[in-house]
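final.csv (CSV, N, CA and C atoms) appears below.
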chain,number,residue,atom,x,y,z
A,1,MET,N,107.9,-176.8,-64.9
A,1,MET,CA,107.5,-175.5,-65.2
A,1,MET,C,107.5,-175.2,-66.7
A,2,SER,N,108.7,-175.4,-67.3
A,2,SER,CA,108.9,-175.2,-68.7
A,2,SER,C,108.0,-176.1,-69.5
A,3,LYS,N,107.7,-177.3,-69.0
A,3,LYS,CA,106.8,-178.2,-69.7
A,3,LYS,C,105.4,-177.7,-69.8
A,4,CYS,N,105.0,-177.0,-68.7
A,4,CYS,CA,103.7,-176.4,-68.7
A,4,CYS,C,103.6,-175.2,-69.7
A,5,ILE,N,104.7,-174.5,-69.8
A,5,ILE,CA,104.7,-173.3,-70.8
A,5,ILE,C,104.6,-173.9,-72.2
A,6,ILE,N,105.3,-174.9,-72.5
A,6,ILE,CA,105.3,-175.5,-73.8
A,6,ILE,C,103.9,-176.1,-74.1
A,7,ILE,N,103.3,-176.8,-73.2
A,7,ILE,CA,102.0,-177.3,-73.4
A,7,ILE,C,101.0,-176.2,-73.6
A,8,ALA,N,101.1,-175.1,-72.8
A,8,ALA,CA,100.2,-173.9,-73.0
A,8,ALA,C,100.4,-173.3,-74.4
A,9,ALA,N,101.6,-173.2,-74.8
A,9,ALA,CA,101.9,-172.6,-76.1
A,9,ALA,C,101.4,-173.4,-77.2
A,10,VAL,N,101.5,-174.7,-77.1
A,10,VAL,CA,101.0,-175.6,-78.2
A,10,VAL,C,99.5,-175.5,-78.2
A,11,PHE,N,98.8,-175.5,-77.0
A,11,PHE,CA,97.4,-175.4,-76.9
A,11,PHE,C,96.9,-174.1,-77.6
A,12,CYS,N,97.5,-173.0,-77.2
A,12,CYS,CA,97.2,-171.7,-77.8
A,12,CYS,C,97.3,-171.7,-79.3
A,13,PHE,N,98.4,-172.2,-79.8
A,13,PHE,CA,98.6,-172.3,-81.2
A,13,PHE,C,97.6,-173.1,-81.9
A,14,SER,N,97.2,-174.3,-81.3
A,14,SER,CA,96.2,-175.1,-81.8
A,14,SER,C,94.8,-174.5,-81.9
A,15,VAL,N,94.5,-173.7,-80.8
A,15,VAL,CA,93.2,-173.0,-80.8
A,15,VAL,C,93.2,-171.9,-81.9
A,16,SER,N,94.3,-171.2,-82.0
A,16,SER,CA,94.3,-170.1,-83.0
A,16,SER,C,94.2,-170.7,-84.4
A,17,GLN,N,94.8,-171.9,-84.6
A,17,GLN,CA,94.7,-172.5,-85.9
A,17,GLN,C,93.3,-173.0,-86.2
A,18,ALA,N,92.7,-173.5,-85.2
A,18,ALA,CA,91.3,-173.9,-85.3
A,18,ALA,C,90.4,-172.8,-85.7
A,19,PHE,N,90.6,-171.6,-85.0
A,19,PHE,CA,89.8,-170.4,-85.3
A,19,PHE,C,90.1,-170.0,-86.7
A,20,SER,N,91.3,-170.0,-87.2
A,20,SER,CA,91.6,-169.6,-88.5
A,20,SER,C,90.9,-170.5,-89.6
A,21,GLN,N,90.9,-171.8,-89.3
A,21,GLN,CA,90.3,-172.7,-90.2
A,21,GLN,C,88.8,-172.4,-90.3
A,22,SER,N,88.1,-172.0,-89.2
A,22,SER,CA,86.7,-171.7,-89.2
A,22,SER,C,86.4,-170.6,-90.1
A,23,LYS,N,87.3,-169.7,-90.3
A,23,LYS,CA,87.1,-168.5,-91.2
A,23,LYS,C,86.8,-169.0,-92.6
A,24,LEU,N,87.2,-170.1,-93.0
A,24,LEU,CA,87.1,-170.6,-94.4
A,24,LEU,C,85.7,-171.2,-94.7
A,25,ARG,N,84.9,-171.5,-93.7
A,25,ARG,CA,83.7,-172.3,-93.9
A,25,ARG,C,82.4,-171.5,-93.8
A,26,VAL,N,81.9,-171.0,-94.9
A,26,VAL,CA,80.6,-170.4,-94.9
A,26,VAL,C,79.7,-171.3,-95.6
A,27,PRO,N,78.6,-171.8,-95.0
A,27,PRO,CA,77.7,-172.7,-95.7
A,27,PRO,C,77.1,-172.1,-97.0
A,28,ASP,N,77.0,-173.0,-98.0
A,28,ASP,CA,76.5,-172.5,-99.3
A,28,ASP,C,75.2,-171.7,-99.3
A,29,GLU,N,74.3,-172.1,-98.4
A,29,GLU,CA,73.0,-171.3,-98.4
A,29,GLU,C,73.2,-169.9,-98.0
A,30,TYR,N,74.3,-169.6,-97.2
A,30,TYR,CA,74.6,-168.2,-96.9
A,30,TYR,C,75.3,-167.5,-98.0
A,31,LYS,N,76.1,-168.2,-98.7
A,31,LYS,CA,76.9,-167.6,-99.8
A,31,LYS,C,75.9,-167.0,-100.8
A,32,LYS,N,74.7,-167.7,-101.0
A,32,LYS,CA,73.8,-167.3,-102.0
A,32,LYS,C,72.8,-166.1,-101.5
A,33,LEU,N,72.9,-165.8,-100.2
A,33,LEU,CA,72.0,-164.7,-99.7
A,33,LEU,C,72.3,-163.4,-100.4
A,34,LYS,N,71.2,-162.7,-100.7
A,34,LYS,CA,71.3,-161.3,-101.1
A,34,LYS,C,70.9,-160.4,-100.0
A,35,ASN,N,71.5,-159.3,-99.9
A,35,ASN,CA,71.2,-158.3,-98.9
A,35,ASN,C,69.8,-157.7,-99.2
A,36,PRO,N,68.8,-158.0,-98.3
A,36,PRO,CA,67.5,-157.4,-98.5
A,36,PRO,C,67.3,-156.0,-98.0
A,37,VAL,N,68.4,-155.4,-97.4
A,37,VAL,CA,68.3,-154.1,-96.9
A,37,VAL,C,69.1,-153.1,-97.8
A,38,SER,N,68.4,-152.2,-98.3
A,38,SER,CA,69.0,-151.2,-99.2
A,38,SER,C,70.1,-150.4,-98.4
A,39,PRO,N,71.2,-150.2,-99.0
A,39,PRO,CA,72.3,-149.4,-98.3
A,39,PRO,C,72.0,-147.9,-98.3
A,40,SER,N,70.8,-147.6,-97.8
A,40,SER,CA,70.4,-146.2,-97.7
A,40,SER,C,71.1,-145.5,-96.6
A,41,ARG,N,71.0,-144.2,-96.5
A,41,ARG,CA,71.6,-143.4,-95.5
A,41,ARG,C,71.1,-143.8,-94.1
A,42,GLU,N,69.8,-144.2,-94.0
A,42,GLU,CA,69.2,-144.6,-92.7
A,42,GLU,C,69.8,-146.0,-92.3
A,43,SER,N,70.0,-146.9,-93.3
A,43,SER,CA,70.6,-148.2,-93.0
A,43,SER,C,72.0,-148.0,-92.5
A,44,ILE,N,72.8,-147.2,-93.2
A,44,ILE,CA,74.2,-147.0,-92.9
A,44,ILE,C,74.3,-146.3,-91.5
A,45,THR,N,73.4,-145.4,-91.2
A,45,THR,CA,73.4,-144.8,-89.9
A,45,THR,C,73.1,-145.8,-88.8
A,46,ALA,N,72.1,-146.6,-89.0
A,46,ALA,CA,71.7,-147.7,-88.1
A,46,ALA,C,72.9,-148.7,-87.9
A,47,GLY,N,73.5,-149.0,-89.0
A,47,GLY,CA,74.7,-149.9,-89.0
A,47,GLY,C,75.8,-149.4,-88.2
A,48,ARG,N,76.1,-148.1,-88.4
A,48,ARG,CA,77.2,-147.4,-87.7
A,48,ARG,C,76.9,-147.5,-86.2
A,49,SER,N,75.7,-147.2,-85.8
A,49,SER,CA,75.4,-147.2,-84.3
A,49,SER,C,75.6,-148.7,-83.8
A,50,LEU,N,75.1,-149.6,-84.5
A,50,LEU,CA,75.2,-151.0,-84.1
A,50,LEU,C,76.7,-151.5,-84.1
A,51,TYR,N,77.4,-151.1,-85.1
A,51,TYR,CA,78.9,-151.4,-85.2
A,51,TYR,C,79.6,-150.8,-84.0
A,52,VAL,N,79.4,-149.5,-83.7
A,52,VAL,CA,80.0,-148.9,-82.5
A,52,VAL,C,79.8,-149.7,-81.2
A,53,LYS,N,78.5,-150.1,-81.1
A,53,LYS,CA,78.2,-150.8,-79.8
A,53,LYS,C,78.7,-152.2,-79.8
A,54,HIS,N,78.7,-153.0,-80.9
A,54,HIS,CA,79.0,-154.4,-80.9
A,54,HIS,C,80.4,-154.8,-81.5
A,55,CYS,N,81.0,-153.9,-82.3
A,55,CYS,CA,82.1,-154.4,-83.1
A,55,CYS,C,83.4,-153.5,-83.0
A,56,GLU,N,83.2,-152.3,-82.7
A,56,GLU,CA,84.3,-151.3,-82.8
A,56,GLU,C,85.4,-151.7,-81.8
A,57,TYR,N,85.1,-152.2,-80.6
A,57,TYR,CA,86.1,-152.4,-79.6
A,57,TYR,C,87.2,-153.4,-80.0
A,58,CYS,N,86.8,-154.3,-80.9
A,58,CYS,CA,87.8,-155.3,-81.5
A,58,CYS,C,88.3,-154.8,-82.9
A,59,HIS,N,87.3,-154.5,-83.7
A,59,HIS,CA,87.7,-154.2,-85.1
A,59,HIS,C,88.2,-152.8,-85.4
A,60,GLY,N,87.9,-151.9,-84.4
A,60,GLY,CA,88.4,-150.5,-84.6
A,60,GLY,C,87.4,-149.6,-85.3
A,61,LYS,N,87.6,-148.3,-85.3
A,61,LYS,CA,86.7,-147.3,-85.9
A,61,LYS,C,86.5,-147.5,-87.3
A,62,ARG,N,87.5,-147.8,-88.1
A,62,ARG,CA,87.4,-148.0,-89.5
A,62,ARG,C,87.5,-149.4,-90.0
A,63,GLY,N,87.4,-150.4,-89.0
A,63,GLY,CA,87.4,-151.8,-89.3
A,63,GLY,C,88.7,-152.4,-89.7
A,64,GLU,N,89.8,-151.7,-89.2
A,64,GLU,CA,91.1,-152.2,-89.6
A,64,GLU,C,91.7,-153.2,-88.6
A,65,GLY,N,90.9,-153.7,-87.7
A,65,GLY,CA,91.4,-154.7,-86.7
A,65,GLY,C,92.2,-154.1,-85.6
A,66,ASP,N,92.1,-152.8,-85.4
A,66,ASP,CA,93.0,-152.2,-84.4
A,66,ASP,C,92.2,-151.6,-83.2
A,67,GLY,N,91.1,-152.2,-82.9
A,67,GLY,CA,90.3,-151.8,-81.7
A,67,GLY,C,91.0,-152.0,-80.4
A,68,GLY,N,90.5,-151.4,-79.4
A,68,GLY,CA,91.1,-151.4,-78.1
A,68,GLY,C,91.4,-152.8,-77.5
A,69,LYS,N,90.5,-153.8,-77.9
A,69,LYS,CA,90.7,-155.1,-77.4
A,69,LYS,C,91.6,-156.0,-78.3
A,70,SER,N,91.9,-155.5,-79.5
A,70,SER,CA,92.6,-156.4,-80.4
A,70,SER,C,93.9,-156.9,-80.0
A,71,SER,N,94.6,-156.1,-79.1
A,71,SER,CA,95.9,-156.6,-78.7
A,71,SER,C,95.9,-157.7,-77.7
A,72,VAL,N,94.8,-158.0,-77.1
A,72,VAL,CA,94.7,-159.1,-76.1
A,72,VAL,C,94.0,-160.3,-76.7
A,73,LEU,N,93.6,-160.3,-77.9
A,73,LEU,CA,93.0,-161.5,-78.5
A,73,LEU,C,94.0,-162.5,-79.0
A,74,LEU,N,93.7,-163.8,-79.0
A,74,LEU,CA,94.6,-164.8,-79.5
A,74,LEU,C,94.7,-164.7,-81.0
A,75,THR,N,93.6,-164.3,-81.7
A,75,THR,CA,93.6,-164.2,-83.1
A,75,THR,C,93.3,-162.7,-83.5
A,76,SER,N,93.7,-162.3,-84.7
A,76,SER,CA,93.4,-161.0,-85.2
A,76,SER,C,92.0,-160.9,-85.5
A,77,PRO,N,91.3,-159.8,-85.1
A,77,PRO,CA,89.9,-159.6,-85.5
A,77,PRO,C,89.7,-159.4,-87.0
A,78,GLY,N,90.8,-159.2,-87.7
A,78,GLY,CA,90.6,-159.1,-89.1
A,78,GLY,C,90.4,-157.7,-89.6
A,79,ASN,N,90.8,-157.4,-90.8
A,79,ASN,CA,90.7,-156.1,-91.4
A,79,ASN,C,89.5,-156.0,-92.3
A,80,LEU,N,88.4,-155.4,-91.8
A,80,LEU,CA,87.2,-155.3,-92.5
A,80,LEU,C,87.2,-154.3,-93.6
A,81,ALA,N,88.2,-153.5,-93.6
A,81,ALA,CA,88.4,-152.5,-94.7
A,81,ALA,C,89.2,-153.1,-95.9
A,82,GLY,N,89.9,-154.2,-95.6
A,82,GLY,CA,90.7,-154.7,-96.7
A,82,GLY,C,90.0,-155.5,-97.8
A,83,LYS,N,90.7,-155.7,-98.8
A,83,LYS,CA,90.1,-156.4,-100.0
A,83,LYS,C,89.6,-157.8,-99.7
A,84,LYS,N,90.2,-158.5,-98.8
A,84,LYS,CA,89.8,-159.9,-98.5
A,84,LYS,C,88.4,-159.9,-97.9
A,85,PHE,N,88.0,-159.0,-97.0
A,85,PHE,CA,86.7,-158.9,-96.5
A,85,PHE,C,85.7,-158.2,-97.4
A,86,GLN,N,86.2,-157.1,-98.0
A,86,GLN,CA,85.3,-156.3,-98.8
A,86,GLN,C,84.8,-157.0,-100.1
A,87,THR,N,85.6,-158.0,-100.6
A,87,THR,CA,85.2,-158.7,-101.8
A,87,THR,C,84.4,-160.0,-101.5
A,88,LEU,N,84.1,-160.3,-100.2
A,88,LEU,CA,83.3,-161.4,-99.9
A,88,LEU,C,81.9,-161.1,-100.4
A,89,LEU,N,81.1,-162.2,-100.7
A,89,LEU,CA,79.7,-162.0,-101.1
A,89,LEU,C,79.0,-161.5,-99.9
A,90,PRO,N,77.9,-160.7,-100.1
A,90,PRO,CA,77.1,-160.2,-99.0
A,90,PRO,C,76.7,-161.3,-98.0
A,91,GLY,N,76.3,-162.4,-98.5
A,91,GLY,CA,75.9,-163.5,-97.6
A,91,GLY,C,77.0,-164.0,-96.7
A,92,GLU,N,78.2,-164.0,-97.2
A,92,GLU,CA,79.4,-164.4,-96.5
A,92,GLU,C,79.7,-163.4,-95.4
A,93,GLN,N,79.6,-162.1,-95.7
A,93,GLN,CA,79.7,-161.0,-94.7
A,93,GLN,C,78.7,-161.2,-93.6
A,94,PHE,N,77.4,-161.4,-94.0
A,94,PHE,CA,76.3,-161.6,-93.1
A,94,PHE,C,76.6,-162.8,-92.1
A,95,TYR,N,77.0,-163.9,-92.7
A,95,TYR,CA,77.2,-165.1,-91.9
A,95,TYR,C,78.4,-164.9,-90.8
A,96,LYS,N,79.5,-164.3,-91.3
A,96,LYS,CA,80.6,-164.1,-90.4
A,96,LYS,C,80.3,-163.1,-89.3
A,97,SER,N,79.4,-162.1,-89.7
A,97,SER,CA,79.0,-161.1,-88.7
A,97,SER,C,78.0,-161.6,-87.7
A,98,LYS,N,77.1,-162.4,-88.1
A,98,LYS,CA,76.0,-162.9,-87.3
A,98,LYS,C,76.5,-164.1,-86.4
A,99,PHE,N,77.2,-165.0,-86.9
A,99,PHE,CA,77.5,-166.3,-86.2
A,99,PHE,C,78.8,-166.2,-85.4
A,100,GLY,N,79.6,-165.2,-85.8
A,100,GLY,CA,80.9,-165.1,-85.1
A,100,GLY,C,81.9,-166.1,-85.6
A,101,ILE,N,83.2,-165.8,-85.4
A,101,ILE,CA,84.3,-166.6,-85.9
A,101,ILE,C,85.4,-166.6,-84.8
A,102,GLY,N,85.8,-167.7,-84.4
A,102,GLY,CA,86.9,-167.8,-83.4
A,102,GLY,C,86.5,-167.1,-82.2
A,103,GLU,N,87.2,-166.1,-81.8
A,103,GLU,CA,86.9,-165.4,-80.5
A,103,GLU,C,85.7,-164.4,-80.7
A,104,MET,N,85.3,-164.1,-81.9
A,104,MET,CA,84.2,-163.2,-82.1
A,104,MET,C,82.9,-163.9,-81.6
A,105,PRO,N,82.1,-163.2,-80.9
A,105,PRO,CA,80.9,-163.8,-80.3
A,105,PRO,C,79.8,-164.1,-81.4
A,106,ASP,N,79.0,-164.9,-81.0
A,106,ASP,CA,77.8,-165.3,-81.8
A,106,ASP,C,76.7,-164.2,-81.5
A,107,PHE,N,76.2,-163.5,-82.5
A,107,PHE,CA,75.3,-162.5,-82.2
A,107,PHE,C,73.8,-162.9,-82.5
A,108,ARG,N,73.5,-164.1,-82.7
A,108,ARG,CA,72.2,-164.6,-83.0
A,108,ARG,C,71.1,-164.1,-82.0
A,109,LYS,N,71.5,-164.1,-80.7
A,109,LYS,CA,70.5,-163.7,-79.7
A,109,LYS,C,70.5,-162.2,-79.4
A,110,LYS,N,71.5,-161.5,-79.9
A,110,LYS,CA,71.6,-160.0,-79.6
A,110,LYS,C,71.2,-159.2,-80.8
A,111,LEU,N,71.3,-159.7,-82.0
A,111,LEU,CA,71.0,-158.8,-83.2
A,111,LEU,C,70.0,-159.5,-84.1
A,112,THR,N,69.1,-158.8,-84.6
A,112,THR,CA,68.2,-159.4,-85.6
A,112,THR,C,68.9,-159.5,-87.0
A,113,ASP,N,68.3,-160.2,-87.9
A,113,ASP,CA,68.9,-160.3,-89.2
A,113,ASP,C,69.0,-158.9,-89.9
A,114,THR,N,68.0,-158.1,-89.7
A,114,THR,CA,68.0,-156.7,-90.2
A,114,THR,C,69.2,-155.9,-89.6
A,115,ASP,N,69.4,-156.1,-88.3
A,115,ASP,CA,70.5,-155.4,-87.7
A,115,ASP,C,71.8,-155.7,-88.3
A,116,VAL,N,72.0,-157.0,-88.6
A,116,VAL,CA,73.3,-157.5,-89.2
A,116,VAL,C,73.4,-156.9,-90.6
A,117,TRP,N,72.3,-156.9,-91.3
A,117,TRP,CA,72.4,-156.4,-92.7
A,117,TRP,C,72.8,-154.9,-92.6
A,118,HIS,N,72.2,-154.1,-91.6
A,118,HIS,CA,72.6,-152.7,-91.5
A,118,HIS,C,74.1,-152.6,-91.2
A,119,ILE,N,74.7,-153.5,-90.4
A,119,ILE,CA,76.1,-153.5,-90.1
A,119,ILE,C,76.9,-153.8,-91.4
A,120,VAL,N,76.4,-154.8,-92.1
A,120,VAL,CA,77.1,-155.1,-93.4
A,120,VAL,C,77.1,-153.9,-94.3
A,121,ASN,N,76.0,-153.2,-94.4
A,121,ASN,CA,75.9,-152.0,-95.2
A,121,ASN,C,76.9,-150.9,-94.7
A,122,TYR,N,77.0,-150.8,-93.4
A,122,TYR,CA,78.0,-149.8,-92.8
A,122,TYR,C,79.4,-150.3,-93.1
A,123,MET,N,79.7,-151.5,-93.0
A,123,MET,CA,81.1,-152.0,-93.2
A,123,MET,C,81.5,-151.8,-94.6
A,124,LYS,N,80.6,-151.8,-95.6
A,124,LYS,CA,80.9,-151.5,-97.0
A,124,LYS,C,81.6,-150.1,-97.1
A,125,THR,N,81.2,-149.2,-96.2
A,125,THR,CA,81.8,-147.8,-96.3
A,125,THR,C,83.3,-147.8,-95.9
A,126,PHE,N,83.8,-148.9,-95.4
A,126,PHE,CA,85.2,-149.0,-95.0
A,126,PHE,C,86.1,-149.3,-96.2
A,127,SER,N,85.5,-149.7,-97.4
A,127,SER,CA,86.3,-150.0,-98.6
A,127,SER,C,87.2,-148.9,-98.9
A,128,LYS,N,88.5,-149.3,-99.2
A,128,LYS,CA,89.5,-148.4,-99.6
A,128,LYS,C,89.6,-148.2,-101.1
A,129,GLU,N,88.7,-148.9,-101.8
A,129,GLU,CA,88.8,-148.8,-103.3
A,129,GLU,C,87.7,-147.8,-103.8

Rewritten as structure tokens:
Amino acid sequence: MSKCIIIAAVFCFSVSQAFSQSKLRVPDEYKKLKNPVSPSRESITAGRSLYVKHCEYCHGKRGEGDGGKSSVLLTSPGNLAGKKFQTLLPGEQFYKSKFGIGEMPDFRKKLTDTDVWHIVNYMKTFSKE
């Protein structure tokens, strides 16, 4: 019995480490992307609506990683309001939001590129600086 618990713990740790490592790799072509959607009031409103529907449950209302589902995830959903995320290049934010990371789902079939850019524009409003 205790052997199974140890194996399960090692597996969970390994999975969480693999997810953490995936956070580091954004392909160069995405790093170079510029946001084609102006951060207008309309874009931010659209981004907020999409964020509430697809992101808030894990990331929380203000992107601080404290959403309702965050406590049951193997890895932290991350603080989107913090300096680490806010200082990413727009293309890096787009990539991580579109393709998912770790337990975060892949949104390629659910969201258009424009939708993701609206979400990126909305997430910029979380900046504490």

Tell me, as number ranges by chain, which residues lie within 8 Å of Lys128 in chain A, counting all atoms listed in the file; anything in the same chain fewer than 4 positions away does not count. A: 80-83, 86, 124

Selection to disk with N, CA and C atoms, as an mmCIF file, in the frame of the given file:
data_model
loop_
_atom_site.group_PDB
_atom_site.id
_atom_site.type_symbol
_atom_site.label_atom_id
_atom_site.label_comp_id
_atom_site.auth_asym_id
_atom_site.auth_seq_id
_atom_site.Cartn_x
_atom_site.Cartn_y
_atom_site.Cartn_z
ATOM 1 N N LEU A 80 88.400 -155.400 -91.800
ATOM 2 C CA LEU A 80 87.200 -155.300 -92.500
ATOM 3 C C LEU A 80 87.200 -154.300 -93.600
ATOM 4 N N ALA A 81 88.200 -153.500 -93.600
ATOM 5 C CA ALA A 81 88.400 -152.500 -94.700
ATOM 6 C C ALA A 81 89.200 -153.100 -95.900
ATOM 7 N N GLY A 82 89.900 -154.200 -95.600
ATOM 8 C CA GLY A 82 90.700 -154.700 -96.700
ATOM 9 C C GLY A 82 90.000 -155.500 -97.800
ATOM 10 N N LYS A 83 90.700 -155.700 -98.800
ATOM 11 C CA LYS A 83 90.100 -156.400 -100.000
ATOM 12 C C LYS A 83 89.600 -157.800 -99.700
ATOM 13 N N GLN A 86 86.200 -157.100 -98.000
ATOM 14 C CA GLN A 86 85.300 -156.300 -98.800
ATOM 15 C C GLN A 86 84.800 -157.000 -100.100
ATOM 16 N N LYS A 124 80.600 -151.800 -95.600
ATOM 17 C CA LYS A 124 80.900 -151.500 -97.000
ATOM 18 C C LYS A 124 81.600 -150.100 -97.100
#

Using all atoms listed in the file for the distances, tell me which of A:Lys84, A:Lys31, A:Asp113, A:Ser70 is nearest to Lys98 in chain A. A:Asp113

Between A:Leu50, A:Phe126, A:Cys58, A:Val26, which one has atoms that come closest to Thr75 in chain A, using only C-alpha atoms? A:Cys58

Which residue gives the smallest distance to Pro39 in chain A among A:His118, A:Lys110, A:Arg25, A:Lys69, with all atoms listed in the file counted?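 Using all atoms listed in the file, the shortest distance to Pro39 in chain A belongs to A:His118.
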
Taking into account only C-alpha atoms, which residue in the set A:Thr125, A:Glu29, A:Gly65, A:Pro77 is nearest to Ile101 in chain A?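 Looking at the shortest contact to Ile101 in chain A, the residue is A:Pro77.
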
Two-atom distance - atom N of Val120 in chain A, CA of Phe107 in chain A (Å):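 For atom N of Val120 in chain A relative to CA of Phe107 in chain A, the distance reads 12.6 Å.
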
Interatomic distance, CA of Ile44 in chain A to CA of Gly67 in chain A (Å, one decimal):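 Computing it gives 20.2 Å between the two atoms.
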
Quick one: pull the distance between CA of Asn35 in chain A and CA of Met104 in chain A, Å, one decimal.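 Going from CA of Asn35 in chain A over to CA of Met104 in chain A, I get 21.8 Å.
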
Can you pull out the residues contacting Gly47 in chain A? Cut-off 7 Å, using only N, CA and C atoms, and skip same-chain residues under 6 positions away; I want them as a list of chain:residue names.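 The neighbour list is A:Asp115, A:Trp117, A:His118, A:Ile119, A:Val120, A:Asn121, A:Tyr122, A:Met123.
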
Might you pull out every residue within 8 Å of Leu89 in chain A, with only N, CA and C atoms counted and same-chain residues fewer than 6 positions away left off, and present them as a PyMOL selection string? chain A and resi 30-35+95

Report as a ChimeraX atom specification: the residues of chain A with a DSSP assignment of alpha helix (DSSP H), based on the backbone of this structure. /A:2-22,28-31,41-54,56-59,83-86,90-99,113-123

Between A:Leu73, A:Val116, A:Ala46, A:Leu88, which one has atoms that come closest to Glu103 in chain A, using all atoms listed in the file? A:Leu73

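Proximity ranking of A:Ser76, A:Arg41, A:Ser49, A:Phe94 relative to Asp106 in chain A places A:Phe94 first, based on only C-alpha atoms.
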